[in-house]
Amino acid sequence: MRGIFFKICFISAILCSQSPDINYHLHLYSINRLSDGGVIKIPFRLADIDFNHQNDNISVTSRLSFEYKPKFSDFYLQTSSSEEFSVDLRELYLTWYLNDLELNIGKQIHTWGSVDQNSPLDNAGPYDYYYIFNTGTDQKMGSLSSSLNYYSDNNTLGFVFSPIHHTNRLPIGDDDFPIELPVVPGPELIKNVDNEIELGAYIKHSFDKGDINLSYYSGNDRVYNLSGVNVFTNEQETIYSNIDTVFTYRRCEVIGVGGTFITDPYIFRFDYGLFHTFDPNSDVRRDRPDKQDGTVLANNWHHILATHAFEEEVYYNQAAFQIEYSNNSNQFVLGFFEYHISEYNANYLAAVDIPGVEADVDPKDYFYPGLGAPIAILTEKALMYQFQKELKDIVFTAKGVNDLNDKGYLIELGLIHSISDDMKIHSYINKVFGDSSKDEDYRFNQMEDFSHFRLELEYYF
């Protein structure tokens with residue numbers, strides 16, 4: 001609680017003394033499985049507080065979120081603390097306006113690309129996978145960075161720079177989040193990134209019917225990948241220990257093009273990115289970790305018998321296309337996404353190379369795109385849709401994701417009732433269908449048990 005108190009006091013001291021614009025958002029939430037009615041154990045943001053204050057040509061913007069994870073029967077078996085809230089200072093940055101320039105410095109959420117969701121070009125900040133099924137900036141996390149925008153007639157030139165490598169927030173297998181990664185390594189198994197600097201630039205030209213943009217981004221992957229293996233043995237080198245699996249975050253460069261075209265009542269958007277990612281580690285030798293998979297290892301197993309770096313280098317591309325239609329009471333969005341590996345190179349590992357390894361290891365089986373659209377973790381090709389119809393104080397919604405390579409799909413139906421201008425009640429039924437011809441590693445099969453009924457209360461004040 002002391003940390004929460006100081007964060008609130010710090011922000012209040014900066015902002016409240018100058019009578020800033022403050023908005024509050026309360027969000028109560030309940031989610032239960034369709035299969036057995038059980039509560040799904042995932043965190044959610046209970047409340048948001050937005051601050052904004054401008055004085056002449058300088059403004060300060062901040063968003064503070066309170067995340068809540070309900071207590072369950074095993075809560076006090078894992079911790080003796082009574083706290084079940086965490087405070088996330090999602091954004092706190094200063095903006096300086098000078099003629100045609102806009103400079104932002106601090107922790108901020110960046111949104112790049114023309115497509116609203118799952119843009120291959122939206123790489124300037126990490127994603128929070130606990131909120132990957134949300135929309136807009138609710139999916140994103142802030143990064144400590146600076147950005148500069150220059151406006152000239154119909155052109156915008158933008159730059160972003162961060163001295164820190166920010167990673168996606170991924171579930172670690174201790175809750176009911178529906179997407180699982182094959183391996184959740186401990187921090188001792190991940191090799192540190194030597195070059196953390198990330199930077200990017202874009203240029204956008206606007207015209208009467210829309211805009212077009214070109215972009216470049218250079219950074220590190222936001223999802224870890226397999227980098228290599230070591231085998232440790234004892235001093236006599238007669239017995240082999242468990243394999244030391246080394247993970248890392250690859251370096252990645254992205255060149256992108258995107259655009260928007262408006263012809264009433266339709267809006268067309270597209271983004272296309274070319275990715276070059278590579279593992280900079282040609283040597284994965286390191287001191288033997290004290291633990292592996294949570295197990296304390298014997299101290300005398302510290303001699304490296306064999307080592308192998310995979311040295312992955314991959315070229316892949318991602319494309320997203322979106323069509324929007326709207327009139328007075330109806331909105332419809334249809335989207336298409338595709339991801340394709342065009343070239344994959346690695347230093348493959350044969351069983352004879354590492355004693356104690358009984359099978360060949362193909363690092364491509366464990367490859368994940370570390371930058372790009374977050375939906376790539378679900379499928380390589382998808383059709384997405386959203387529909388909304390207003391009926392007086394009630395809004396009917398429908399959305400879905402269809403895997404175009406296999407038979408899995410997700411559909412969600414919802415009703416939003418406006419009790420007042422400041423209060424809304426949401427109710428949703430979400431159903432996920434897997435593919436019986438695929439194994440348990442298939443993403444939509446993993447998500448089937450996540451089918452649920454969700455009830456939400458929103459209050460703005």
# chains A, B, ... in the order shown; residues from 1 in each chain; ligands from 1

call {"tool": "residues_around", "arguments": {"residues": "Asn168 in chain A", "least_positions_apart": "6", "cutoff": "8 Å", "atoms": "only C-alpha atoms", "output": "list in words"}}
result
Pro126, Tyr127, Asp128, Tyr129, Arg222 and Val223 of chain A

call {"tool": "write_last_selection", "arguments": {"atoms": "N, CA, C and O atoms", "output": "CSV table (one decimal), in the first residue's frame"}}
result
chain,number,residue,atom,x,y,z
A,126,PRO,N,5.1,-2.5,-26.2
A,126,PRO,CA,4.7,-3.9,-25.9
A,126,PRO,C,3.2,-4.1,-25.8
A,126,PRO,O,2.4,-3.1,-25.6
A,127,TYR,N,2.8,-5.3,-25.8
A,127,TYR,CA,1.4,-5.7,-25.6
A,127,TYR,C,1.2,-6.4,-24.3
A,127,TYR,O,2.1,-7.1,-23.8
A,128,ASP,N,0.0,-6.3,-23.7
A,128,ASP,CA,-0.4,-7.0,-22.5
A,128,ASP,C,-1.3,-8.1,-22.9
A,128,ASP,O,-2.5,-7.9,-23.3
A,129,TYR,N,-0.8,-9.4,-22.9
A,129,TYR,CA,-1.6,-10.5,-23.5
A,129,TYR,C,-2.8,-10.8,-22.6
A,129,TYR,O,-3.7,-11.5,-23.0
A,222,ARG,N,9.7,-8.9,-28.5
A,222,ARG,CA,9.0,-8.8,-27.3
A,222,ARG,C,8.6,-10.1,-26.7
A,222,ARG,O,8.0,-10.2,-25.6
A,223,VAL,N,8.9,-11.2,-27.4
A,223,VAL,CA,8.6,-12.6,-27.0
A,223,VAL,C,9.9,-13.3,-27.1
A,223,VAL,O,10.6,-13.3,-28.1

call {"tool": "residues_around", "arguments": {"residues": "range 321-336 of chain A", "least_positions_apart": "6", "cutoff": "8 Å", "atoms": "only C-alpha atoms", "output": "PDB file with N, CA, C and O atoms, in the first residue's frame"}}
result
ATOM      1  N   VAL A 115      -4.307   0.109 -39.595  1.00  0.00           N
ATOM      2  CA  VAL A 115      -5.343  -0.825 -39.151  1.00  0.00           C
ATOM      3  C   VAL A 115      -5.554  -0.657 -37.651  1.00  0.00           C
ATOM      4  O   VAL A 115      -4.599  -0.519 -36.892  1.00  0.00           O
ATOM      5  N   PRO A 265     -19.969   5.483 -47.443  1.00  0.00           N
ATOM      6  CA  PRO A 265     -19.838   5.219 -45.998  1.00  0.00           C
ATOM      7  C   PRO A 265     -18.762   4.187 -45.663  1.00  0.00           C
ATOM      8  O   PRO A 265     -18.832   3.560 -44.604  1.00  0.00           O
ATOM      9  N   TYR A 266     -17.782   3.987 -46.535  1.00  0.00           N
ATOM     10  CA  TYR A 266     -16.769   2.953 -46.327  1.00  0.00           C
ATOM     11  C   TYR A 266     -15.412   3.570 -46.007  1.00  0.00           C
ATOM     12  O   TYR A 266     -15.069   4.661 -46.482  1.00  0.00           O
ATOM     13  N   ILE A 267     -14.636   2.830 -45.213  1.00  0.00           N
ATOM     14  CA  ILE A 267     -13.241   3.178 -44.943  1.00  0.00           C
ATOM     15  C   ILE A 267     -12.407   1.918 -45.173  1.00  0.00           C
ATOM     16  O   ILE A 267     -12.729   0.845 -44.648  1.00  0.00           O
ATOM     17  N   PHE A 268     -11.355   2.043 -45.962  1.00  0.00           N
ATOM     18  CA  PHE A 268     -10.454   0.929 -46.252  1.00  0.00           C
ATOM     19  C   PHE A 268      -9.098   1.218 -45.603  1.00  0.00           C
ATOM     20  O   PHE A 268      -8.550   2.322 -45.753  1.00  0.00           O
ATOM     21  N   ARG A 269      -8.564   0.237 -44.903  1.00  0.00           N
ATOM     22  CA  ARG A 269      -7.260   0.380 -44.252  1.00  0.00           C
ATOM     23  C   ARG A 269      -6.394  -0.837 -44.579  1.00  0.00           C
ATOM     24  O   ARG A 269      -6.904  -1.952 -44.707  1.00  0.00           O
ATOM     25  N   PHE A 270      -5.077  -0.614 -44.658  1.00  0.00           N
ATOM     26  CA  PHE A 270      -4.161  -1.738 -44.855  1.00  0.00           C
ATOM     27  C   PHE A 270      -2.821  -1.427 -44.215  1.00  0.00           C
ATOM     28  O   PHE A 270      -2.421  -0.267 -44.096  1.00  0.00           O
ATOM     29  N   ASP A 271      -2.131  -2.472 -43.781  1.00  0.00           N
ATOM     30  CA  ASP A 271      -0.761  -2.399 -43.279  1.00  0.00           C
ATOM     31  C   ASP A 271      -0.004  -3.621 -43.763  1.00  0.00           C
ATOM     32  O   ASP A 271      -0.548  -4.740 -43.754  1.00  0.00           O
ATOM     33  N   LYS A 381      -3.299 -17.202 -40.505  1.00  0.00           N
ATOM     34  CA  LYS A 381      -4.246 -16.560 -41.419  1.00  0.00           C
ATOM     35  C   LYS A 381      -5.602 -16.500 -40.733  1.00  0.00           C
ATOM     36  O   LYS A 381      -6.101 -17.522 -40.252  1.00  0.00           O
ATOM     37  N   ALA A 382      -6.201 -15.309 -40.684  1.00  0.00           N
ATOM     38  CA  ALA A 382      -7.447 -15.155 -39.936  1.00  0.00           C
ATOM     39  C   ALA A 382      -8.381 -14.172 -40.623  1.00  0.00           C
ATOM     40  O   ALA A 382      -7.951 -13.221 -41.293  1.00  0.00           O
ATOM     41  N   LEU A 383      -9.670 -14.429 -40.433  1.00  0.00           N
ATOM     42  CA  LEU A 383     -10.730 -13.509 -40.821  1.00  0.00           C
ATOM     43  C   LEU A 383     -11.368 -13.008 -39.537  1.00  0.00           C
ATOM     44  O   LEU A 383     -11.765 -13.805 -38.679  1.00  0.00           O
ATOM     45  N   MET A 384     -11.497 -11.686 -39.394  1.00  0.00           N
ATOM     46  CA  MET A 384     -12.032 -11.087 -38.181  1.00  0.00           C
ATOM     47  C   MET A 384     -13.193 -10.172 -38.537  1.00  0.00           C
ATOM     48  O   MET A 384     -13.185  -9.540 -39.593  1.00  0.00           O
ATOM     49  N   TYR A 385     -14.167 -10.095 -37.651  1.00  0.00           N
ATOM     50  CA  TYR A 385     -15.301  -9.223 -37.918  1.00  0.00           C
ATOM     51  C   TYR A 385     -15.851  -8.666 -36.614  1.00  0.00           C
ATOM     52  O   TYR A 385     -15.734  -9.274 -35.544  1.00  0.00           O
ATOM     53  N   GLN A 386     -16.455  -7.482 -36.712  1.00  0.00           N
ATOM     54  CA  GLN A 386     -17.146  -6.841 -35.602  1.00  0.00           C
ATOM     55  C   GLN A 386     -18.402  -6.175 -36.151  1.00  0.00           C
ATOM     56  O   GLN A 386     -18.363  -5.549 -37.217  1.00  0.00           O
ATOM     57  N   PHE A 387     -19.493  -6.314 -35.423  1.00  0.00           N
ATOM     58  CA  PHE A 387     -20.761  -5.716 -35.831  1.00  0.00           C
ATOM     59  C   PHE A 387     -21.401  -5.049 -34.619  1.00  0.00           C
ATOM     60  O   PHE A 387     -21.361  -5.594 -33.514  1.00  0.00           O
ATOM     61  N   GLN A 388     -21.989  -3.885 -34.845  1.00  0.00           N
ATOM     62  CA  GLN A 388     -22.648  -3.171 -33.755  1.00  0.00           C
ATOM     63  C   GLN A 388     -23.903  -2.489 -34.287  1.00  0.00           C
ATOM     64  O   GLN A 388     -23.871  -1.816 -35.323  1.00  0.00           O
ATOM     65  N   LYS A 389     -25.022  -2.662 -33.579  1.00  0.00           N
ATOM     66  CA  LYS A 389     -26.289  -2.052 -33.968  1.00  0.00           C
ATOM     67  C   LYS A 389     -26.916  -1.390 -32.750  1.00  0.00           C
ATOM     68  O   LYS A 389     -27.062  -2.013 -31.693  1.00  0.00           O
ATOM     69  N   GLU A 390     -27.289  -0.125 -32.885  1.00  0.00           N
ATOM     70  CA  GLU A 390     -27.886   0.631 -31.797  1.00  0.00           C
ATOM     71  C   GLU A 390     -29.399   0.585 -31.887  1.00  0.00           C
ATOM     72  O   GLU A 390     -29.982   0.834 -32.942  1.00  0.00           O
ATOM     73  N   LEU A 391     -30.029   0.279 -30.739  1.00  0.00           N
ATOM     74  CA  LEU A 391     -31.490   0.244 -30.630  1.00  0.00           C
ATOM     75  C   LEU A 391     -31.874   1.024 -29.381  1.00  0.00           C
ATOM     76  O   LEU A 391     -31.933   0.484 -28.281  1.00  0.00           O
TER      77      LEU A 391
END

call {"tool": "residues_around", "arguments": {"residues": "Asn23 in chain A", "least_positions_apart": "2", "cutoff": "7 Å", "atoms": "only C-alpha atoms", "output": "PyMOL selection string"}}
result
chain A and resi 21+25+49-51+461

call {"tool": "select_by_dssp", "arguments": {"residues": "range 108-277 of chain A", "states": "helix (DSSP H, G or I)", "output": "number ranges by chain"}}
result
A: 129-131, 136-139, 187-189

call {"tool": "write_last_selection", "arguments": {"atoms": "N, CA and C atoms", "output": "PDB file, in the first residue's frame"}}
result
ATOM      1  N   TYR A 129      -0.843  -9.384 -22.924  1.00  0.00           N
ATOM      2  CA  TYR A 129      -1.639 -10.487 -23.462  1.00  0.00           C
ATOM      3  C   TYR A 129      -2.844 -10.837 -22.591  1.00  0.00           C
ATOM      4  N   TYR A 130      -2.877 -10.354 -21.356  1.00  0.00           N
ATOM      5  CA  TYR A 130      -4.084 -10.551 -20.556  1.00  0.00           C
ATOM      6  C   TYR A 130      -5.264  -9.765 -21.122  1.00  0.00           C
ATOM      7  N   TYR A 131      -4.966  -8.744 -21.930  1.00  0.00           N
ATOM      8  CA  TYR A 131      -6.023  -7.901 -22.498  1.00  0.00           C
ATOM      9  C   TYR A 131      -6.015  -7.961 -24.021  1.00  0.00           C
ATOM     10  N   GLY A 136      -8.259  -1.375 -29.002  1.00  0.00           N
ATOM     11  CA  GLY A 136      -7.539  -0.111 -28.869  1.00  0.00           C
ATOM     12  C   GLY A 136      -6.340  -0.190 -27.960  1.00  0.00           C
ATOM     13  N   THR A 137      -6.089   0.915 -27.235  1.00  0.00           N
ATOM     14  CA  THR A 137      -4.909   1.003 -26.378  1.00  0.00           C
ATOM     15  C   THR A 137      -5.029   0.143 -25.126  1.00  0.00           C
ATOM     16  N   ASP A 138      -6.204  -0.440 -24.860  1.00  0.00           N
ATOM     17  CA  ASP A 138      -6.324  -1.350 -23.719  1.00  0.00           C
ATOM     18  C   ASP A 138      -5.416  -2.558 -23.881  1.00  0.00           C
ATOM     19  N   GLN A 139      -5.047  -2.903 -25.126  1.00  0.00           N
ATOM     20  CA  GLN A 139      -4.146  -4.017 -25.380  1.00  0.00           C
ATOM     21  C   GLN A 139      -2.687  -3.672 -25.087  1.00  0.00           C
ATOM     22  N   PRO A 187      13.813 -16.790 -15.247  1.00  0.00           N
ATOM     23  CA  PRO A 187      14.722 -15.724 -15.691  1.00  0.00           C
ATOM     24  C   PRO A 187      16.166 -16.178 -15.826  1.00  0.00           C
ATOM     25  N   GLU A 188      16.561 -17.227 -15.078  1.00  0.00           N
ATOM     26  CA  GLU A 188      17.944 -17.709 -15.160  1.00  0.00           C
ATOM     27  C   GLU A 188      18.243 -18.386 -16.487  1.00  0.00           C
ATOM     28  N   LEU A 189      17.210 -18.721 -17.265  1.00  0.00           N
ATOM     29  CA  LEU A 189      17.406 -19.409 -18.537  1.00  0.00           C
ATOM     30  C   LEU A 189      17.377 -18.456 -19.728  1.00  0.00           C
TER      31      LEU A 189
END

call {"tool": "select_by_dssp", "arguments": {"residues": "range 170-359 of chain A", "states": "strand (DSSP E)", "output": "JSON, numbers by chain"}}
result
{"A": [198, 199, 200, 201, 202, 203, 204, 205, 206, 207, 210, 211, 212, 213, 214, 215, 216, 217, 218, 219, 220, 225, 226, 227, 228, 229, 230, 231, 232, 233, 240, 241, 242, 243, 244, 245, 246, 247, 248, 251, 252, 253, 254, 255, 256, 257, 258, 259, 260, 261, 262, 263, 266, 267, 268, 269, 270, 271, 272, 273, 274, 275, 276, 277, 278, 291, 292, 295, 296, 303, 304, 305, 306, 307, 308, 309, 313, 314, 315, 316, 317, 318, 319, 320, 321, 322, 323, 324, 325, 326, 330, 331, 332, 333, 334, 335, 336, 337, 338, 339, 340, 341, 342, 343, 344, 345]}

call {"tool": "residues_around", "arguments": {"residues": "Tyr460 in chain A", "least_positions_apart": "3", "cutoff": "12 Å", "atoms": "only C-alpha atoms", "output": "JSON, numbers by chain"}}
result
{"A": [22, 23, 24, 25, 26, 27, 28, 47, 48, 49, 50, 418, 419, 420, 421, 422, 423, 424, 457]}

call {"tool": "write_last_selection", "arguments": {"atoms": "all heavy atoms", "output": "compact mmCIF listing (two decimals), in the first residue's frame"}}
result
# COMPACT_ATOMS: atom_id res chain seq x y z
N ILE A 22 -9.40 15.72 -14.96
CA ILE A 22 -9.30 14.39 -14.39
C ILE A 22 -10.56 13.60 -14.73
O ILE A 22 -11.67 14.07 -14.49
CB ILE A 22 -9.10 14.42 -12.86
CG1 ILE A 22 -7.90 15.30 -12.50
CG2 ILE A 22 -8.91 13.02 -12.31
CD1 ILE A 22 -7.69 15.44 -11.02
N ASN A 23 -10.39 12.41 -15.28
CA ASN A 23 -11.51 11.53 -15.60
C ASN A 23 -11.33 10.20 -14.88
O ASN A 23 -10.23 9.65 -14.82
CB ASN A 23 -11.59 11.29 -17.12
CG ASN A 23 -11.86 12.57 -17.88
OD1 ASN A 23 -12.81 13.28 -17.60
ND2 ASN A 23 -11.00 12.87 -18.84
N TYR A 24 -12.44 9.67 -14.35
CA TYR A 24 -12.41 8.41 -13.61
C TYR A 24 -13.27 7.39 -14.34
O TYR A 24 -14.34 7.70 -14.86
CB TYR A 24 -12.96 8.60 -12.19
CG TYR A 24 -12.22 9.64 -11.38
CD1 TYR A 24 -12.60 10.98 -11.44
CD2 TYR A 24 -11.16 9.28 -10.56
CE1 TYR A 24 -11.95 11.94 -10.69
CE2 TYR A 24 -10.50 10.23 -9.81
CZ TYR A 24 -10.89 11.56 -9.87
OH TYR A 24 -10.22 12.50 -9.14
N HIS A 25 -12.79 6.16 -14.35
CA HIS A 25 -13.51 5.07 -15.02
C HIS A 25 -13.50 3.86 -14.10
O HIS A 25 -12.44 3.32 -13.78
CB HIS A 25 -12.83 4.75 -16.35
CG HIS A 25 -13.39 3.54 -17.03
ND1 HIS A 25 -12.63 2.65 -17.76
CD2 HIS A 25 -14.66 3.04 -17.08
CE1 HIS A 25 -13.39 1.69 -18.23
NE2 HIS A 25 -14.62 1.90 -17.82
N LEU A 26 -14.69 3.46 -13.64
CA LEU A 26 -14.84 2.29 -12.78
C LEU A 26 -15.38 1.14 -13.63
O LEU A 26 -16.34 1.31 -14.38
CB LEU A 26 -15.80 2.59 -11.63
CG LEU A 26 -16.06 1.46 -10.63
CD1 LEU A 26 -14.77 1.11 -9.88
CD2 LEU A 26 -17.17 1.84 -9.66
N HIS A 27 -14.77 -0.04 -13.47
CA HIS A 27 -15.13 -1.17 -14.33
C HIS A 27 -15.21 -2.43 -13.48
O HIS A 27 -14.20 -3.04 -13.14
CB HIS A 27 -14.05 -1.34 -15.42
CG HIS A 27 -14.43 -2.30 -16.50
ND1 HIS A 27 -13.58 -2.66 -17.51
CD2 HIS A 27 -15.56 -2.99 -16.72
CE1 HIS A 27 -14.17 -3.52 -18.32
NE2 HIS A 27 -15.37 -3.74 -17.85
N LEU A 28 -16.43 -2.82 -13.11
CA LEU A 28 -16.64 -4.06 -12.35
C LEU A 28 -16.86 -5.21 -13.32
O LEU A 28 -17.49 -5.03 -14.36
CB LEU A 28 -17.85 -3.90 -11.42
CG LEU A 28 -17.74 -2.76 -10.41
CD1 LEU A 28 -19.01 -2.68 -9.58
CD2 LEU A 28 -16.53 -2.94 -9.51
N ALA A 47 -10.30 -0.08 -12.25
CA ALA A 47 -10.54 1.36 -12.35
C ALA A 47 -9.38 2.03 -13.06
O ALA A 47 -8.24 1.55 -13.01
CB ALA A 47 -10.73 1.97 -10.96
N ASP A 48 -9.68 3.12 -13.75
CA ASP A 48 -8.67 3.96 -14.41
C ASP A 48 -8.88 5.40 -13.99
O ASP A 48 -10.02 5.85 -13.81
CB ASP A 48 -8.80 3.87 -15.93
CG ASP A 48 -8.54 2.48 -16.47
OD1 ASP A 48 -7.44 1.95 -16.23
OD2 ASP A 48 -9.44 1.93 -17.12
N ILE A 49 -7.78 6.10 -13.82
CA ILE A 49 -7.83 7.54 -13.54
C ILE A 49 -6.95 8.22 -14.56
O ILE A 49 -5.74 7.95 -14.64
CB ILE A 49 -7.33 7.86 -12.12
CG1 ILE A 49 -8.14 7.08 -11.07
CG2 ILE A 49 -7.44 9.35 -11.85
CD1 ILE A 49 -7.65 7.27 -9.65
N ASP A 50 -7.54 9.09 -15.38
CA ASP A 50 -6.82 9.83 -16.42
C ASP A 50 -6.60 11.27 -15.99
O ASP A 50 -7.56 11.95 -15.59
CB ASP A 50 -7.60 9.80 -17.74
CG ASP A 50 -7.74 8.40 -18.30
OD1 ASP A 50 -6.90 7.55 -17.97
OD2 ASP A 50 -8.69 8.15 -19.05
N SER A 418 -27.41 1.22 -21.75
CA SER A 418 -27.05 2.51 -21.15
C SER A 418 -28.10 2.89 -20.11
O SER A 418 -29.22 3.28 -20.45
CB SER A 418 -26.96 3.59 -22.21
OG SER A 418 -25.93 3.29 -23.15
N ILE A 419 -27.76 2.75 -18.83
CA ILE A 419 -28.66 3.14 -17.76
C ILE A 419 -28.76 4.65 -17.66
O ILE A 419 -29.82 5.21 -17.41
CB ILE A 419 -28.19 2.53 -16.42
CG1 ILE A 419 -28.18 1.01 -16.52
CG2 ILE A 419 -29.06 2.99 -15.27
CD1 ILE A 419 -27.64 0.33 -15.29
N SER A 420 -27.63 5.30 -17.89
CA SER A 420 -27.56 6.76 -17.91
C SER A 420 -26.41 7.15 -18.81
O SER A 420 -25.75 6.30 -19.41
CB SER A 420 -27.37 7.32 -16.50
OG SER A 420 -26.10 6.93 -15.99
N ASP A 421 -26.15 8.45 -18.90
CA ASP A 421 -25.03 8.91 -19.72
C ASP A 421 -23.70 8.43 -19.16
O ASP A 421 -22.71 8.33 -19.90
CB ASP A 421 -25.03 10.43 -19.82
CG ASP A 421 -26.21 10.97 -20.62
OD1 ASP A 421 -26.78 10.20 -21.41
OD2 ASP A 421 -26.56 12.16 -20.43
N ASP A 422 -23.66 8.13 -17.88
CA ASP A 422 -22.40 7.79 -17.22
C ASP A 422 -22.27 6.31 -16.87
O ASP A 422 -21.21 5.87 -16.44
CB ASP A 422 -22.24 8.60 -15.93
CG ASP A 422 -22.24 10.09 -16.19
OD1 ASP A 422 -21.72 10.50 -17.24
OD2 ASP A 422 -22.79 10.83 -15.35
N MET A 423 -23.35 5.55 -17.01
CA MET A 423 -23.32 4.16 -16.55
C MET A 423 -23.83 3.22 -17.64
O MET A 423 -24.86 3.48 -18.27
CB MET A 423 -24.15 3.98 -15.28
CG MET A 423 -24.11 2.57 -14.72
SD MET A 423 -25.06 2.39 -13.18
CE MET A 423 -24.05 3.37 -12.07
N LYS A 424 -23.09 2.10 -17.83
CA LYS A 424 -23.48 1.09 -18.81
C LYS A 424 -23.31 -0.30 -18.20
O LYS A 424 -22.40 -0.54 -17.41
CB LYS A 424 -22.61 1.18 -20.08
CG LYS A 424 -22.77 2.48 -20.85
CD LYS A 424 -21.86 2.50 -22.07
CE LYS A 424 -22.01 3.79 -22.84
NZ LYS A 424 -21.11 3.83 -24.02
N LEU A 457 -19.90 -3.85 -15.51
CA LEU A 457 -20.54 -2.58 -15.16
C LEU A 457 -19.52 -1.48 -15.33
O LEU A 457 -18.45 -1.52 -14.71
CB LEU A 457 -21.07 -2.61 -13.74
CG LEU A 457 -21.62 -1.28 -13.19
CD1 LEU A 457 -22.87 -0.86 -13.97
CD2 LEU A 457 -21.91 -1.37 -11.70

call {"tool": "closest_residue", "arguments": {"among": "A:Glu102, A:Asp435, A:Asp441, A:Asp406", "to": "Ile58 in chain A", "atoms": "only C-alpha atoms"}}
result
A:Glu102

call {"tool": "closest_residue", "arguments": {"among": "A:Ile109, A:Cys252, A:Leu170, A:Val193", "to": "Leu371 in chain A", "atoms": "only C-alpha atoms"}}
result
A:Cys252

call {"tool": "residues_around", "arguments": {"residues": "Glu343 in chain A", "least_positions_apart": "4", "cutoff": "7 Å", "atoms": "only C-alpha atoms", "output": "list in words"}}
result
Val314, Tyr315 and Tyr316 of chain A
